[in-house]
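Participant: One file is attached below, start.txt, containing compact mmCIF, C-alpha atoms and all ligand atoms.
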```txt
# COMPACT_ATOMS: atom_id res chain seq x y z
CA MET T 21 0.00 0.00 0.00
CA ILE T 22 1.35 3.42 -0.97
CA ALA T 23 0.43 6.05 1.64
CA VAL T 24 -0.45 9.39 0.06
CA THR T 25 -0.74 12.90 1.51
CA ILE T 26 -2.88 15.22 -0.59
CA LEU T 27 -2.08 18.88 0.06
CA GLY T 28 -5.08 20.79 -1.30
CA ALA T 29 -7.44 17.80 -1.27
CA THR T 30 -10.60 19.90 -1.69
CA GLY T 31 -9.35 21.63 -4.86
CA THR T 32 -9.77 20.57 -8.46
CA ILE T 33 -6.49 18.64 -8.53
CA GLY T 34 -7.14 17.16 -5.07
CA VAL T 35 -10.57 15.88 -6.07
CA ASN T 36 -9.20 14.43 -9.31
CA THR T 37 -6.43 12.73 -7.35
CA LEU T 38 -8.93 11.08 -5.00
CA ASP T 39 -10.91 9.97 -8.04
CA VAL T 40 -7.83 8.15 -9.40
CA LEU T 41 -7.00 6.66 -5.97
CA ALA T 42 -10.58 5.39 -5.68
CA ARG T 43 -9.99 3.30 -8.81
CA HIS T 44 -7.01 1.55 -7.18
CA PRO T 45 -7.90 0.90 -3.53
CA GLN T 46 -5.52 -2.06 -3.42
CA LEU T 47 -2.56 0.21 -4.33
CA TYR T 48 -3.06 3.56 -2.61
CA ARG T 49 -4.31 4.86 0.71
CA PRO T 50 -4.84 8.59 1.41
CA LEU T 51 -3.12 9.00 4.77
CA ALA T 52 -3.53 12.76 5.13
CA LEU T 53 -5.88 15.25 3.46
CA THR T 54 -5.61 19.04 3.72
CA ALA T 55 -7.62 22.17 2.89
CA ASN T 56 -7.68 25.83 3.80
CA GLN T 57 -11.22 26.81 4.88
CA ASP T 58 -13.58 24.37 3.19
CA VAL T 59 -14.70 22.50 6.33
CA ASP T 60 -17.66 20.77 4.67
CA GLY T 61 -15.54 19.63 1.73
CA LEU T 62 -12.81 18.13 3.89
CA PHE T 63 -15.36 16.67 6.32
CA GLY T 64 -17.04 14.81 3.43
CA GLN T 65 -13.68 13.48 2.23
CA CYS T 66 -12.76 12.35 5.78
CA CYS T 67 -16.05 10.47 6.11
CA GLN T 68 -15.36 8.67 2.85
CA TRP T 69 -11.63 8.00 3.24
CA HIS T 70 -10.94 7.89 7.00
CA PRO T 71 -7.44 9.39 6.69
CA ASP T 72 -5.13 9.32 9.74
CA TYR T 73 -4.77 13.12 9.51
CA ALA T 74 -6.84 16.05 8.26
CA VAL T 75 -5.30 19.52 8.22
CA MET T 76 -6.99 22.89 7.80
CA ALA T 77 -4.62 25.81 7.20
CA ASP T 78 -7.15 28.07 8.90
CA ALA T 79 -7.20 27.51 12.68
CA ASP T 80 -10.93 28.31 13.17
CA ALA T 81 -11.83 25.97 10.33
CA ALA T 82 -9.69 23.27 11.94
CA GLU T 83 -11.62 23.62 15.19
CA ARG T 84 -14.96 23.32 13.37
CA LEU T 85 -13.73 20.24 11.51
CA ARG T 86 -12.50 18.71 14.78
CA GLN T 87 -15.95 19.12 16.35
CA LYS T 88 -17.79 17.73 13.32
CA LEU T 89 -15.51 14.68 13.13
CA ALA T 90 -15.72 14.09 16.89
CA ALA T 91 -19.52 14.05 16.63
CA GLU T 92 -19.16 11.24 14.06
CA GLY T 93 -16.79 9.28 16.32
CA SER T 94 -14.04 9.66 13.72
CA SER T 95 -10.48 8.58 14.55
CA THR T 96 -8.93 11.16 12.18
CA THR T 97 -6.49 13.53 13.92
CA VAL T 98 -7.12 17.16 12.97
CA LEU T 99 -4.14 19.55 12.74
CA ALA T 100 -4.01 23.24 11.89
CA GLY T 101 -1.87 25.85 10.20
CA VAL T 102 1.33 25.72 8.20
CA ASP T 103 2.86 23.53 10.91
CA GLY T 104 0.16 20.93 10.36
CA LEU T 105 0.63 21.09 6.58
CA THR T 106 4.41 20.67 6.76
CA ARG T 107 4.03 17.87 9.29
CA VAL T 108 1.75 15.71 7.13
CA ALA T 109 3.96 16.44 4.10
CA ALA T 110 6.93 14.91 5.90
CA LEU T 111 5.48 12.07 8.03
CA PRO T 112 7.75 9.01 7.95
CA GLU T 113 4.83 6.73 7.05
CA VAL T 114 3.97 8.82 3.95
CA ASP T 115 5.42 7.64 0.61
CA CYS T 116 3.94 10.09 -1.84
CA VAL T 117 2.80 13.72 -1.56
CA MET T 118 0.48 15.41 -4.01
CA ALA T 119 1.41 19.11 -3.78
CA ALA T 120 -1.82 20.77 -4.97
CA ILE T 121 -2.24 23.84 -2.79
CA VAL T 122 -2.75 26.92 -4.96
CA GLY T 123 -0.25 29.77 -4.85
CA ALA T 124 2.67 30.71 -2.62
CA ALA T 125 0.88 29.13 0.36
CA GLY T 126 2.04 25.78 -1.01
CA LEU T 127 5.74 26.60 -0.87
CA LEU T 128 6.64 25.52 2.68
CA PRO T 129 4.57 22.30 2.70
CA THR T 130 5.98 21.33 -0.72
CA LEU T 131 9.50 22.06 0.45
CA ALA T 132 8.88 19.98 3.58
CA ALA T 133 7.89 17.00 1.40
CA VAL T 134 11.00 17.47 -0.76
CA ARG T 135 13.28 17.74 2.27
CA ALA T 136 11.76 14.55 3.66
CA GLY T 137 12.79 12.79 0.45
CA LYS T 138 9.26 11.94 -0.66
CA ARG T 139 7.95 11.16 -4.08
CA VAL T 140 6.43 14.59 -4.78
CA LEU T 141 3.70 15.01 -7.39
CA LEU T 142 4.04 18.69 -8.20
CA ALA T 143 0.90 20.56 -9.25
CA ASN T 144 1.66 23.69 -7.19
CA LYS T 145 3.60 25.47 -9.95
CA GLU T 146 3.88 28.70 -7.94
CA ALA T 147 6.21 26.95 -5.45
CA LEU T 148 8.57 25.97 -8.26
CA VAL T 149 8.35 29.39 -9.92
CA MET T 150 9.26 31.10 -6.65
CA SER T 151 12.10 28.88 -5.56
CA GLY T 152 12.97 26.61 -8.47
CA GLU T 153 16.71 26.37 -7.92
CA LEU T 154 16.33 25.76 -4.18
CA LEU T 155 13.58 23.18 -4.64
CA ILE T 156 15.50 21.26 -7.31
CA ALA T 157 18.70 21.35 -5.24
CA ALA T 158 16.78 20.14 -2.16
CA ALA T 159 15.25 17.31 -4.19
CA GLU T 160 18.71 16.18 -5.28
CA LYS T 161 20.14 16.47 -1.79
CA HIS T 162 17.31 14.56 -0.11
CA GLN T 163 16.70 12.17 -3.02
CA ALA T 164 13.11 13.26 -3.47
CA VAL T 165 11.52 12.28 -6.77
CA LEU T 166 9.77 15.25 -8.41
CA LEU T 167 7.08 14.29 -10.90
CA PRO T 168 5.26 17.04 -12.80
CA ILE T 169 1.45 17.12 -12.71
CA ASP T 170 1.01 20.20 -14.86
CA SER T 171 -0.19 18.57 -18.07
CA GLU T 172 2.43 20.25 -20.26
CA HIS T 173 5.34 19.33 -18.03
CA ASN T 174 4.03 15.85 -17.56
CA ALA T 175 3.92 15.59 -21.36
CA ILE T 176 7.52 16.85 -21.70
CA PHE T 177 8.60 14.40 -19.00
CA GLN T 178 7.01 11.57 -20.97
CA CYS T 179 8.76 12.69 -24.19
CA LEU T 180 12.25 12.70 -22.64
CA PRO T 181 14.53 9.70 -22.12
CA ASP T 182 14.63 8.58 -18.46
CA GLU T 183 18.40 8.82 -18.03
CA GLN T 184 18.91 12.27 -19.60
CA ARG T 185 15.97 14.23 -18.33
CA HIS T 186 18.19 17.01 -16.98
CA ASP T 187 20.78 17.05 -19.70
CA MET T 188 19.40 18.50 -22.88
CA GLY T 189 22.68 18.11 -24.76
CA ALA T 190 23.07 14.44 -23.92
CA ALA T 191 19.44 13.80 -24.80
CA GLY T 192 19.92 15.44 -28.20
CA MET T 193 17.04 17.78 -27.51
CA ARG T 194 16.78 21.03 -29.47
CA ARG T 195 13.81 22.75 -27.85
CA VAL T 196 10.51 22.36 -26.08
CA LEU T 197 7.23 23.33 -27.71
CA LEU T 198 5.01 24.26 -24.78
CA THR T 199 1.39 24.13 -25.86
CA SER T 200 -1.36 26.43 -24.64
CA SER T 201 -5.07 26.47 -25.38
CA GLY T 202 -4.93 30.26 -25.60
CA GLY T 203 -7.59 30.48 -22.88
CA PRO T 204 -11.10 31.92 -23.15
CA PHE T 205 -9.95 35.24 -24.71
CA ARG T 206 -7.79 34.00 -27.56
CA THR T 207 -10.07 35.58 -30.17
CA PHE T 208 -11.98 38.01 -27.95
CA PRO T 209 -12.11 41.64 -29.23
CA PRO T 210 -9.09 43.27 -27.49
CA GLU T 211 -10.93 46.55 -26.84
CA GLN T 212 -13.51 44.66 -24.73
CA LEU T 213 -10.97 42.82 -22.56
CA ALA T 214 -10.98 45.57 -19.92
CA ASN T 215 -14.62 44.79 -19.15
CA VAL T 216 -14.61 41.00 -18.88
CA THR T 217 -15.99 39.55 -15.64
CA PRO T 218 -14.43 36.90 -13.35
CA GLU T 219 -17.11 34.47 -14.58
CA GLN T 220 -16.07 34.99 -18.21
CA ALA T 221 -12.39 34.62 -17.29
CA CYS T 222 -13.05 31.39 -15.36
CA ALA T 223 -15.03 29.77 -18.18
CA HIS T 224 -12.12 27.89 -19.73
CA PRO T 225 -12.91 26.24 -23.08
CA ASN T 226 -11.21 22.87 -22.34
CA TRP T 227 -10.38 22.51 -18.64
CA VAL T 228 -12.27 22.82 -15.36
CA MET T 229 -9.83 24.34 -12.87
CA GLY T 230 -9.64 26.42 -9.70
CA ARG T 231 -10.42 30.13 -10.10
CA LYS T 232 -6.85 31.42 -9.71
CA ILE T 233 -5.34 29.22 -12.41
CA SER T 234 -8.37 29.88 -14.62
CA VAL T 235 -7.66 33.62 -14.53
CA ASP T 236 -3.96 32.89 -15.13
CA SER T 237 -4.98 30.93 -18.22
CA ALA T 238 -7.09 33.84 -19.42
CA THR T 239 -4.16 36.31 -19.08
CA MET T 240 -1.70 33.63 -20.25
CA MET T 241 0.31 34.27 -17.10
CA ASN T 242 -0.27 30.56 -16.56
CA LYS T 243 1.82 29.83 -19.64
CA GLY T 244 4.44 32.29 -18.44
CA LEU T 245 4.64 30.53 -15.07
CA GLU T 246 4.89 27.26 -16.97
CA VAL T 247 7.88 28.53 -18.98
CA ILE T 248 9.69 29.20 -15.68
CA GLU T 249 8.49 25.84 -14.32
CA ALA T 250 9.91 24.03 -17.36
CA CYS T 251 13.28 25.83 -17.05
CA HIS T 252 13.69 24.40 -13.55
CA LEU T 253 12.26 20.93 -14.11
CA PHE T 254 14.27 20.19 -17.23
CA ALA T 255 17.36 22.40 -16.73
CA ILE T 256 16.74 24.45 -19.86
CA THR T 257 16.62 28.18 -20.62
CA ALA T 258 13.60 30.28 -21.56
CA GLU T 259 15.12 30.65 -25.05
CA GLN T 260 14.80 26.89 -25.52
CA ILE T 261 11.05 27.02 -24.95
CA GLU T 262 8.55 28.14 -27.57
CA VAL T 263 4.92 28.66 -26.62
CA VAL T 264 2.56 27.20 -29.21
CA VAL T 265 -1.13 28.04 -29.08
CA HIS T 266 -3.07 24.85 -29.78
CA PRO T 267 -6.75 25.50 -29.04
CA GLN T 268 -7.86 21.84 -29.02
CA SER T 269 -5.67 20.92 -25.98
CA VAL T 270 -5.03 17.42 -27.27
CA ILE T 271 -1.26 17.66 -27.66
CA HIS T 272 -0.03 18.56 -24.18
CA SER T 273 3.47 19.60 -25.31
CA MET T 274 6.26 18.48 -27.63
CA VAL T 275 10.00 17.94 -27.54
CA GLU T 276 12.05 18.57 -30.68
CA TYR T 277 15.32 16.67 -31.15
CA ILE T 278 18.40 17.57 -33.20
CA ASP T 279 17.65 14.90 -35.81
CA GLY T 280 14.35 16.61 -36.60
CA SER T 281 12.15 14.20 -34.62
CA VAL T 282 9.36 15.80 -32.62
CA LEU T 283 7.79 13.74 -29.84
CA ALA T 284 4.38 14.72 -28.53
CA GLN T 285 2.17 13.39 -25.77
CA MET T 286 -1.54 13.36 -26.58
CA ALA T 287 -4.61 12.67 -24.45
CA THR T 288 -8.09 13.97 -23.84
CA PRO T 289 -7.84 17.09 -21.68
CA ASP T 290 -8.39 15.44 -18.29
CA MET T 291 -6.03 16.02 -15.34
CA ARG T 292 -6.51 12.44 -14.21
CA VAL T 293 -4.12 11.41 -17.03
CA PRO T 294 -1.01 13.18 -15.66
CA ILE T 295 -2.10 12.38 -12.08
CA ALA T 296 -2.32 8.64 -12.82
CA HIS T 297 0.97 8.80 -14.76
CA ALA T 298 2.85 10.43 -11.89
CA LEU T 299 1.27 8.19 -9.24
CA ALA T 300 2.30 5.00 -11.02
CA TRP T 301 5.51 6.05 -12.85
CA PRO T 302 7.42 4.17 -14.18
CA GLU T 303 4.43 1.85 -14.38
CA ARG T 304 0.96 2.68 -15.71
CA ILE T 305 -2.46 2.53 -14.10
CA THR T 306 -5.91 3.41 -15.42
CA SER T 307 -7.02 7.00 -14.83
CA GLY T 308 -10.72 7.04 -15.64
CA ALA T 309 -10.16 9.49 -18.52
CA ASP T 310 -11.88 8.84 -21.85
CA ASN T 311 -9.67 7.31 -24.51
CA LEU T 312 -8.56 9.74 -27.19
CA ASP T 313 -10.68 9.14 -30.27
CA VAL T 314 -8.32 10.17 -33.08
CA PHE T 315 -11.05 9.65 -35.66
CA ALA T 316 -13.26 12.19 -33.92
CA LEU T 317 -10.53 14.85 -33.98
CA ALA T 318 -11.50 17.16 -36.80
CA GLN T 319 -8.17 18.99 -36.80
CA LEU T 320 -5.17 19.99 -34.72
CA THR T 321 -4.19 23.62 -35.22
CA PHE T 322 -1.19 25.67 -34.05
CA GLU T 323 -0.62 29.43 -33.78
CA LYS T 324 2.03 31.79 -32.43
CA ALA T 325 1.23 33.35 -29.06
CA ASP T 326 0.15 37.01 -29.22
CA GLU T 327 2.30 38.90 -26.69
CA GLN T 328 0.49 42.15 -27.55
CA ARG T 329 -2.78 40.72 -26.35
CA PHE T 330 -1.19 38.79 -23.49
CA PRO T 331 1.55 41.00 -21.96
CA CYS T 332 1.87 38.63 -18.97
CA LEU T 333 3.66 36.16 -21.21
CA ARG T 334 6.34 38.75 -22.03
CA LEU T 335 6.68 39.69 -18.35
CA ALA T 336 7.17 36.05 -17.34
CA TYR T 337 9.82 35.46 -20.04
CA SER T 338 11.65 38.49 -18.77
CA ALA T 339 11.53 37.24 -15.14
CA ALA T 340 12.74 33.83 -16.32
CA ARG T 341 15.77 35.46 -18.00
CA GLU T 342 16.48 37.63 -14.97
CA GLY T 343 16.30 34.71 -12.52
CA GLY T 344 17.03 35.09 -8.79
CA THR T 345 14.00 36.45 -6.96
CA ALA T 346 12.48 37.98 -10.14
CA PRO T 347 10.04 35.06 -10.67
CA ALA T 348 8.96 35.22 -6.99
CA ILE T 349 8.25 38.95 -7.40
CA LEU T 350 6.30 38.31 -10.61
CA ASN T 351 4.32 35.53 -8.97
CA ALA T 352 3.45 37.50 -5.84
CA ALA T 353 2.30 40.56 -7.81
CA ASN T 354 0.20 38.30 -10.00
CA GLU T 355 -1.44 36.60 -7.00
CA VAL T 356 -2.38 40.00 -5.54
CA ALA T 357 -3.71 41.27 -8.88
CA VAL T 358 -5.70 38.11 -9.62
CA ALA T 359 -7.29 38.18 -6.16
CA ALA T 360 -8.33 41.81 -6.74
CA PHE T 361 -9.76 40.93 -10.15
CA LEU T 362 -11.69 37.98 -8.70
CA ALA T 363 -13.01 40.27 -5.96
CA GLY T 364 -14.35 42.59 -8.66
CA SER T 365 -12.12 45.53 -7.79
CA LEU T 366 -9.57 45.40 -10.63
CA PRO T 367 -10.17 45.37 -14.40
CA PHE T 368 -8.87 42.28 -16.20
CA THR T 369 -6.35 44.21 -18.29
CA ALA T 370 -4.89 45.85 -15.15
CA ILE T 371 -3.58 42.48 -13.90
CA ALA T 372 -0.63 42.79 -16.27
CA ASP T 373 -0.17 46.46 -15.29
CA VAL T 374 0.07 45.58 -11.58
CA VAL T 375 2.64 42.89 -12.36
CA GLU T 376 4.67 45.14 -14.66
CA MET T 377 4.71 48.09 -12.24
CA THR T 378 5.67 45.85 -9.31
CA THR T 379 8.54 44.26 -11.22
CA GLN T 380 9.72 47.74 -12.31
CA GLN T 381 9.67 49.10 -8.76
CA LEU T 382 11.59 46.23 -7.17
CA SER T 383 14.99 44.87 -8.02
CA SER T 384 15.65 41.17 -7.87
CA GLU T 385 18.52 39.53 -6.03
CA ALA T 386 20.09 36.09 -5.92
CA ALA T 387 17.71 33.54 -4.38
CA VAL T 388 20.31 32.27 -1.92
CA ASP T 389 17.90 30.71 0.54
CA ILE T 390 14.19 30.23 1.16
CA GLU T 391 14.06 33.18 3.58
CA THR T 392 15.26 35.48 0.77
CA VAL T 393 12.53 34.14 -1.51
CA ILE T 394 9.82 34.59 1.13
CA ALA T 395 11.03 38.14 1.87
CA ALA T 396 10.88 38.99 -1.85
CA ASP T 397 7.37 37.51 -2.02
CA LEU T 398 6.18 39.62 0.93
CA GLN T 399 7.75 42.81 -0.37
CA ALA T 400 6.22 42.27 -3.82
CA ARG T 401 2.80 41.70 -2.24
CA ARG T 402 3.07 44.99 -0.34
CA THR T 403 4.20 46.84 -3.47
CA ALA T 404 1.41 45.34 -5.59
CA GLU T 405 -1.19 46.20 -2.92
CA SER T 406 0.04 49.80 -2.93
CA ILE T 407 -0.39 49.98 -6.72
CA LEU T 408 -3.92 48.54 -6.75
CA PRO T 409 -5.89 51.69 -5.74
CA ALA T 410 -4.61 53.70 -8.72
CA LEU T 411 -5.72 51.00 -11.16
CA ALA T 412 -8.88 49.91 -9.34
CA ARG T 413 -12.11 49.63 -11.25
CA GLN T 414 -14.06 52.87 -11.02
CA LEU T 415 -17.32 51.76 -9.39
P1 LIG T 501 -8.20 25.01 -6.33
O1 LIG T 501 -8.41 26.46 -6.06
O2 LIG T 501 -9.30 24.23 -6.95
O3 LIG T 501 -7.76 24.27 -4.98
C1 LIG T 501 -6.78 24.79 -4.14
C2 LIG T 501 -6.56 23.91 -2.92
O4 LIG T 501 -5.61 24.56 -2.07
C3 LIG T 501 -7.82 23.74 -2.07
O5 LIG T 501 -7.77 22.50 -1.42
C4 LIG T 501 -7.69 24.87 -1.06
O6 LIG T 501 -8.44 24.66 0.13
C5 LIG T 501 -6.20 24.84 -0.80
N1 LIG T 501 -5.70 26.13 -0.34
C6 LIG T 501 -5.99 27.36 -0.84
N2 LIG T 501 -5.34 28.31 -0.16
C7 LIG T 501 -4.64 27.69 0.81
C8 LIG T 501 -3.79 28.14 1.86
N3 LIG T 501 -3.55 29.44 2.06
N4 LIG T 501 -3.23 27.22 2.67
C9 LIG T 501 -3.47 25.91 2.49
N5 LIG T 501 -4.27 25.41 1.52
C10 LIG T 501 -4.85 26.29 0.69
O7 LIG T 501 -6.88 24.93 -7.22
P2 LIG T 501 -6.50 23.82 -8.32
O8 LIG T 501 -6.73 22.46 -7.78
O9 LIG T 501 -7.08 24.18 -9.63
O10 LIG T 501 -4.93 24.07 -8.46
C11 LIG T 501 -4.02 23.67 -7.46
C12 LIG T 501 -2.59 23.88 -7.98
O11 LIG T 501 -2.39 23.04 -9.11
C13 LIG T 501 -2.32 25.31 -8.46
O12 LIG T 501 -1.00 25.66 -8.15
C14 LIG T 501 -2.49 25.22 -9.97
O13 LIG T 501 -1.70 26.16 -10.67
C15 LIG T 501 -2.00 23.80 -10.23
N6 LIG T 501 -2.54 23.20 -11.45
C16 LIG T 501 -3.89 23.00 -11.57
C17 LIG T 501 -4.43 22.47 -12.73
C18 LIG T 501 -5.90 22.20 -12.86
O14 LIG T 501 -6.32 21.64 -13.88
N7 LIG T 501 -6.74 22.56 -11.91
C19 LIG T 501 -3.57 22.13 -13.87
C20 LIG T 501 -2.16 22.35 -13.62
C21 LIG T 501 -1.68 22.87 -12.45
P3 LIG T 501 -9.98 25.21 0.28
O15 LIG T 501 -10.79 24.32 -0.61
O16 LIG T 501 -10.27 25.07 1.70
O17 LIG T 501 -9.94 26.63 -0.22
MG MG T 502 -0.70 23.50 -17.50
```
Translate this structure into structure tokens?

Facilitator:
Amino acid sequence: MIAVTILGATGTIGVNTLDVLARHPQLYRPLALTANQDVDGLFGQCCQWHPDYAVMADADAAERLRQKLAAEGSSTTVLAGVDGLTRVAALPEVDCVMAAIVGAAGLLPTLAAVRAGKRVLLANKEALVMSGELLIAAAEKHQAVLLPIDSEHNAIFQCLPDEQRHDMGAAGMRRVLLTSSGGPFRTFPPEQLANVTPEQACAHPNWVMGRKISVDSATMMNKGLEVIEACHLFAITAEQIEVVVHPQSVIHSMVEYIDGSVLAQMATPDMRVPIAHALAWPERITSGADNLDVFALAQLTFEKADEQRFPCLRLAYSAAREGGTAPAILNAANEVAVAAFLAGSLPFTAIADVVEMTTQQLSSEAAVDIETVIAADLQARRTAESILPALARQL
């Protein structure tokens, strides 16, 4: 039995992970489940799965969960806060950790899993964007196995030879073609983008995802974060990555080799595919996803990404080139701006402005340790917050 901790169990990735585990009860056991504030969601999962531990990041929510579970006579131990999250990420009896908390909040629990030498299924791209070099170095030092859940990175992983995954030259790899659906506003009239609502931004054409990543997909910041993510995971530079807009989301990314071969991974757009892949790697298990019906595919199309329409992509490439704490600053400003947009107080097009102004006001430094990264994150949040009022939606 493989014991699994799911950080962010109540989220889209968490729920999909439990769906895959439910198909293989003889192989996997969820040992710890975590959430932030969704007491009812985590309570329901605890009643179904009876994990040893349940953690709520929010202390009041943890208390409510504790009372509800006690009333059911549950034997699940309830923990709270970042301490609780890092503890269940590093428990000696845990084999595998799904890191699926959204945003910078996932950094310390993910790092705890890496430092404990776990098999880490990495969905929480913000953690890698913020502290890529440190996280990769910690994984090597503590012999943690990092397996990408982001569909594009999982695809790249599958298209690379096992032995040379971090040595592009030895693998004979020329570049990565990182695919993107283009999001809900790929063909939207640009002059109307300032007025789009959170509901429009979260209505992704091909994927059902949490609200933050849905907005990131609509601005294409998601693809920008993924460029930085790929640099760290596969030891490549931003120049070796080309973003390819592929609206059907059937090819999840491609790797081009020096002999002209291009390998692609294809599947129906369903996150259970990369989740099942990473859970079982190097073996395979069923995921529950529909088989890809190649005969039903009318066409596969590819376009260049439009950096005019999606300035976040340009900003992310520039942070990737700069390195150090620049990606952490970019990420923090984006989290603040996206939260303001989702709260209805910032126009969609101002998300990129907040990020650009924050990155212009702050200078990056070498990301020597995790404290430096966290300090850069906090400073960028404060700077972004101070910029918000000037750009706020006039109500
Ligand atoms: P959701 O918003 O659906 O879920 C987020 C999860 O994190 C929830 O369990 C939430 O708990 C928890 N959480 C939120 N804030 C905190 C916090 N401060 N402390 C602790 N836990 C917290 O997000 P997704 O599942 O869509 O995405 C999760 C991660 O995976 C993101 O980094 C995203 O970029 C990445 N990803 C997602 C994909 C997808 O298809 N959804 C695809 C590729 C990557 P609660 O429910 O209580 O709020
Ligand atoms: Mg992705």

Participant: Just checking: using only C-alpha atoms, which residue out of T:Val265, T:Val282, T:Ala250, T:Ile256 ends up closest to Lys324 (chain T)?

Facilitator: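 Under the stated criterion, the closest residue is T:Val265.
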
Participant: Pull the closest atom pair for each residue of chain T that gets at most 6 Å from ligand MG 502 (chain T), along with the distance in Å to one decimal, counting all atoms listed in the file, ordering rows by chain and then ascending residue number, as a Markdown table.

Facilitator:
```
| residue | atom | partner | partner_atom | distance |
| --- | --- | --- | --- | --- |
| T:Asp170 | CA | T:MG502 | MG | 4.6 |
| T:Ser171 | CA | T:MG502 | MG | 5.0 |
| T:Glu172 | CA | T:MG502 | MG | 5.3 |
```

Participant: Give me the residues of chain T that have any atom at most 8 Å from an atom of ligand LIG 501 (chain T); for each, the nearest atom pair and the distance in Å, rounded to one decimal. Use all atoms listed in the file, sort by chain and number, and format it as JSON lines.

Facilitator:
```
{"residue": "T:Leu27", "atom": "CA", "partner": "T:LIG501", "partner_atom": "O5", "distance": 6.9}
{"residue": "T:Gly28", "atom": "CA", "partner": "T:LIG501", "partner_atom": "O5", "distance": 3.2}
{"residue": "T:Ala29", "atom": "CA", "partner": "T:LIG501", "partner_atom": "O5", "distance": 4.7}
{"residue": "T:Thr30", "atom": "CA", "partner": "T:LIG501", "partner_atom": "O5", "distance": 3.9}
{"residue": "T:Gly31", "atom": "CA", "partner": "T:LIG501", "partner_atom": "O3", "distance": 3.1}
{"residue": "T:Thr32", "atom": "CA", "partner": "T:LIG501", "partner_atom": "O8", "distance": 3.6}
{"residue": "T:Ile33", "atom": "CA", "partner": "T:LIG501", "partner_atom": "O8", "distance": 3.9}
{"residue": "T:Gly34", "atom": "CA", "partner": "T:LIG501", "partner_atom": "O8", "distance": 6.0}
{"residue": "T:Val35", "atom": "CA", "partner": "T:LIG501", "partner_atom": "O8", "distance": 7.8}
{"residue": "T:Thr54", "atom": "CA", "partner": "T:LIG501", "partner_atom": "O5", "distance": 6.6}
{"residue": "T:Ala55", "atom": "CA", "partner": "T:LIG501", "partner_atom": "O6", "distance": 3.8}
{"residue": "T:Asn56", "atom": "CA", "partner": "T:LIG501", "partner_atom": "O16", "distance": 3.4}
{"residue": "T:Gln57", "atom": "CA", "partner": "T:LIG501", "partner_atom": "O16", "distance": 3.7}
{"residue": "T:Asp58", "atom": "CA", "partner": "T:LIG501", "partner_atom": "O16", "distance": 3.7}
{"residue": "T:Val59", "atom": "CA", "partner": "T:LIG501", "partner_atom": "O16", "distance": 6.9}
{"residue": "T:Gly61", "atom": "CA", "partner": "T:LIG501", "partner_atom": "O15", "distance": 7.1}
{"residue": "T:Leu62", "atom": "CA", "partner": "T:LIG501", "partner_atom": "O16", "distance": 7.7}
{"residue": "T:Met76", "atom": "CA", "partner": "T:LIG501", "partner_atom": "C9", "distance": 7.1}
{"residue": "T:Ala77", "atom": "CA", "partner": "T:LIG501", "partner_atom": "C9", "distance": 4.8}
{"residue": "T:Asp78", "atom": "CA", "partner": "T:LIG501", "partner_atom": "N4", "distance": 7.4}
{"residue": "T:Gly101", "atom": "CA", "partner": "T:LIG501", "partner_atom": "N4", "distance": 7.8}
{"residue": "T:Val102", "atom": "CA", "partner": "T:LIG501", "partner_atom": "N4", "distance": 7.3}
{"residue": "T:Leu105", "atom": "CA", "partner": "T:LIG501", "partner_atom": "C9", "distance": 7.5}
{"residue": "T:Ala119", "atom": "CA", "partner": "T:LIG501", "partner_atom": "C12", "distance": 7.5}
{"residue": "T:Ala120", "atom": "CA", "partner": "T:LIG501", "partner_atom": "C12", "distance": 4.4}
{"residue": "T:Ile121", "atom": "CA", "partner": "T:LIG501", "partner_atom": "O4", "distance": 3.5}
{"residue": "T:Val122", "atom": "CA", "partner": "T:LIG501", "partner_atom": "O12", "distance": 3.9}
{"residue": "T:Gly123", "atom": "CA", "partner": "T:LIG501", "partner_atom": "O12", "distance": 5.3}
{"residue": "T:Ala124", "atom": "CA", "partner": "T:LIG501", "partner_atom": "N3", "distance": 7.9}
{"residue": "T:Ala125", "atom": "CA", "partner": "T:LIG501", "partner_atom": "N3", "distance": 4.8}
{"residue": "T:Gly126", "atom": "CA", "partner": "T:LIG501", "partner_atom": "C9", "distance": 6.5}
{"residue": "T:Leu142", "atom": "CA", "partner": "T:LIG501", "partner_atom": "O11", "distance": 7.8}
{"residue": "T:Ala143", "atom": "CA", "partner": "T:LIG501", "partner_atom": "O11", "distance": 4.1}
{"residue": "T:Asn144", "atom": "CA", "partner": "T:LIG501", "partner_atom": "O12", "distance": 3.4}
{"residue": "T:Lys145", "atom": "CA", "partner": "T:LIG501", "partner_atom": "O12", "distance": 4.9}
{"residue": "T:Glu146", "atom": "CA", "partner": "T:LIG501", "partner_atom": "O12", "distance": 5.8}
{"residue": "T:Ala147", "atom": "CA", "partner": "T:LIG501", "partner_atom": "O12", "distance": 7.8}
{"residue": "T:Ile169", "atom": "CA", "partner": "T:LIG501", "partner_atom": "C20", "distance": 6.4}
{"residue": "T:Asp170", "atom": "CA", "partner": "T:LIG501", "partner_atom": "C20", "distance": 4.0}
{"residue": "T:Ser171", "atom": "CA", "partner": "T:LIG501", "partner_atom": "C20", "distance": 6.2}
{"residue": "T:Trp227", "atom": "CA", "partner": "T:LIG501", "partner_atom": "O14", "distance": 6.3}
{"residue": "T:Val228", "atom": "CA", "partner": "T:LIG501", "partner_atom": "O14", "distance": 6.2}
{"residue": "T:Met229", "atom": "CA", "partner": "T:LIG501", "partner_atom": "N7", "distance": 3.7}
{"residue": "T:Gly230", "atom": "CA", "partner": "T:LIG501", "partner_atom": "O9", "distance": 3.4}
{"residue": "T:Arg231", "atom": "CA", "partner": "T:LIG501", "partner_atom": "O1", "distance": 5.8}
{"residue": "T:Lys232", "atom": "CA", "partner": "T:LIG501", "partner_atom": "O1", "distance": 6.4}
{"residue": "T:Ile233", "atom": "CA", "partner": "T:LIG501", "partner_atom": "O13", "distance": 5.1}
{"residue": "T:Ser234", "atom": "CA", "partner": "T:LIG501", "partner_atom": "O9", "distance": 7.7}
{"residue": "T:Asn242", "atom": "CA", "partner": "T:LIG501", "partner_atom": "O13", "distance": 7.5}
{"residue": "T:Asp290", "atom": "CA", "partner": "T:LIG501", "partner_atom": "O14", "distance": 7.9}
{"residue": "T:Met291", "atom": "CA", "partner": "T:LIG501", "partner_atom": "O14", "distance": 5.8}
```
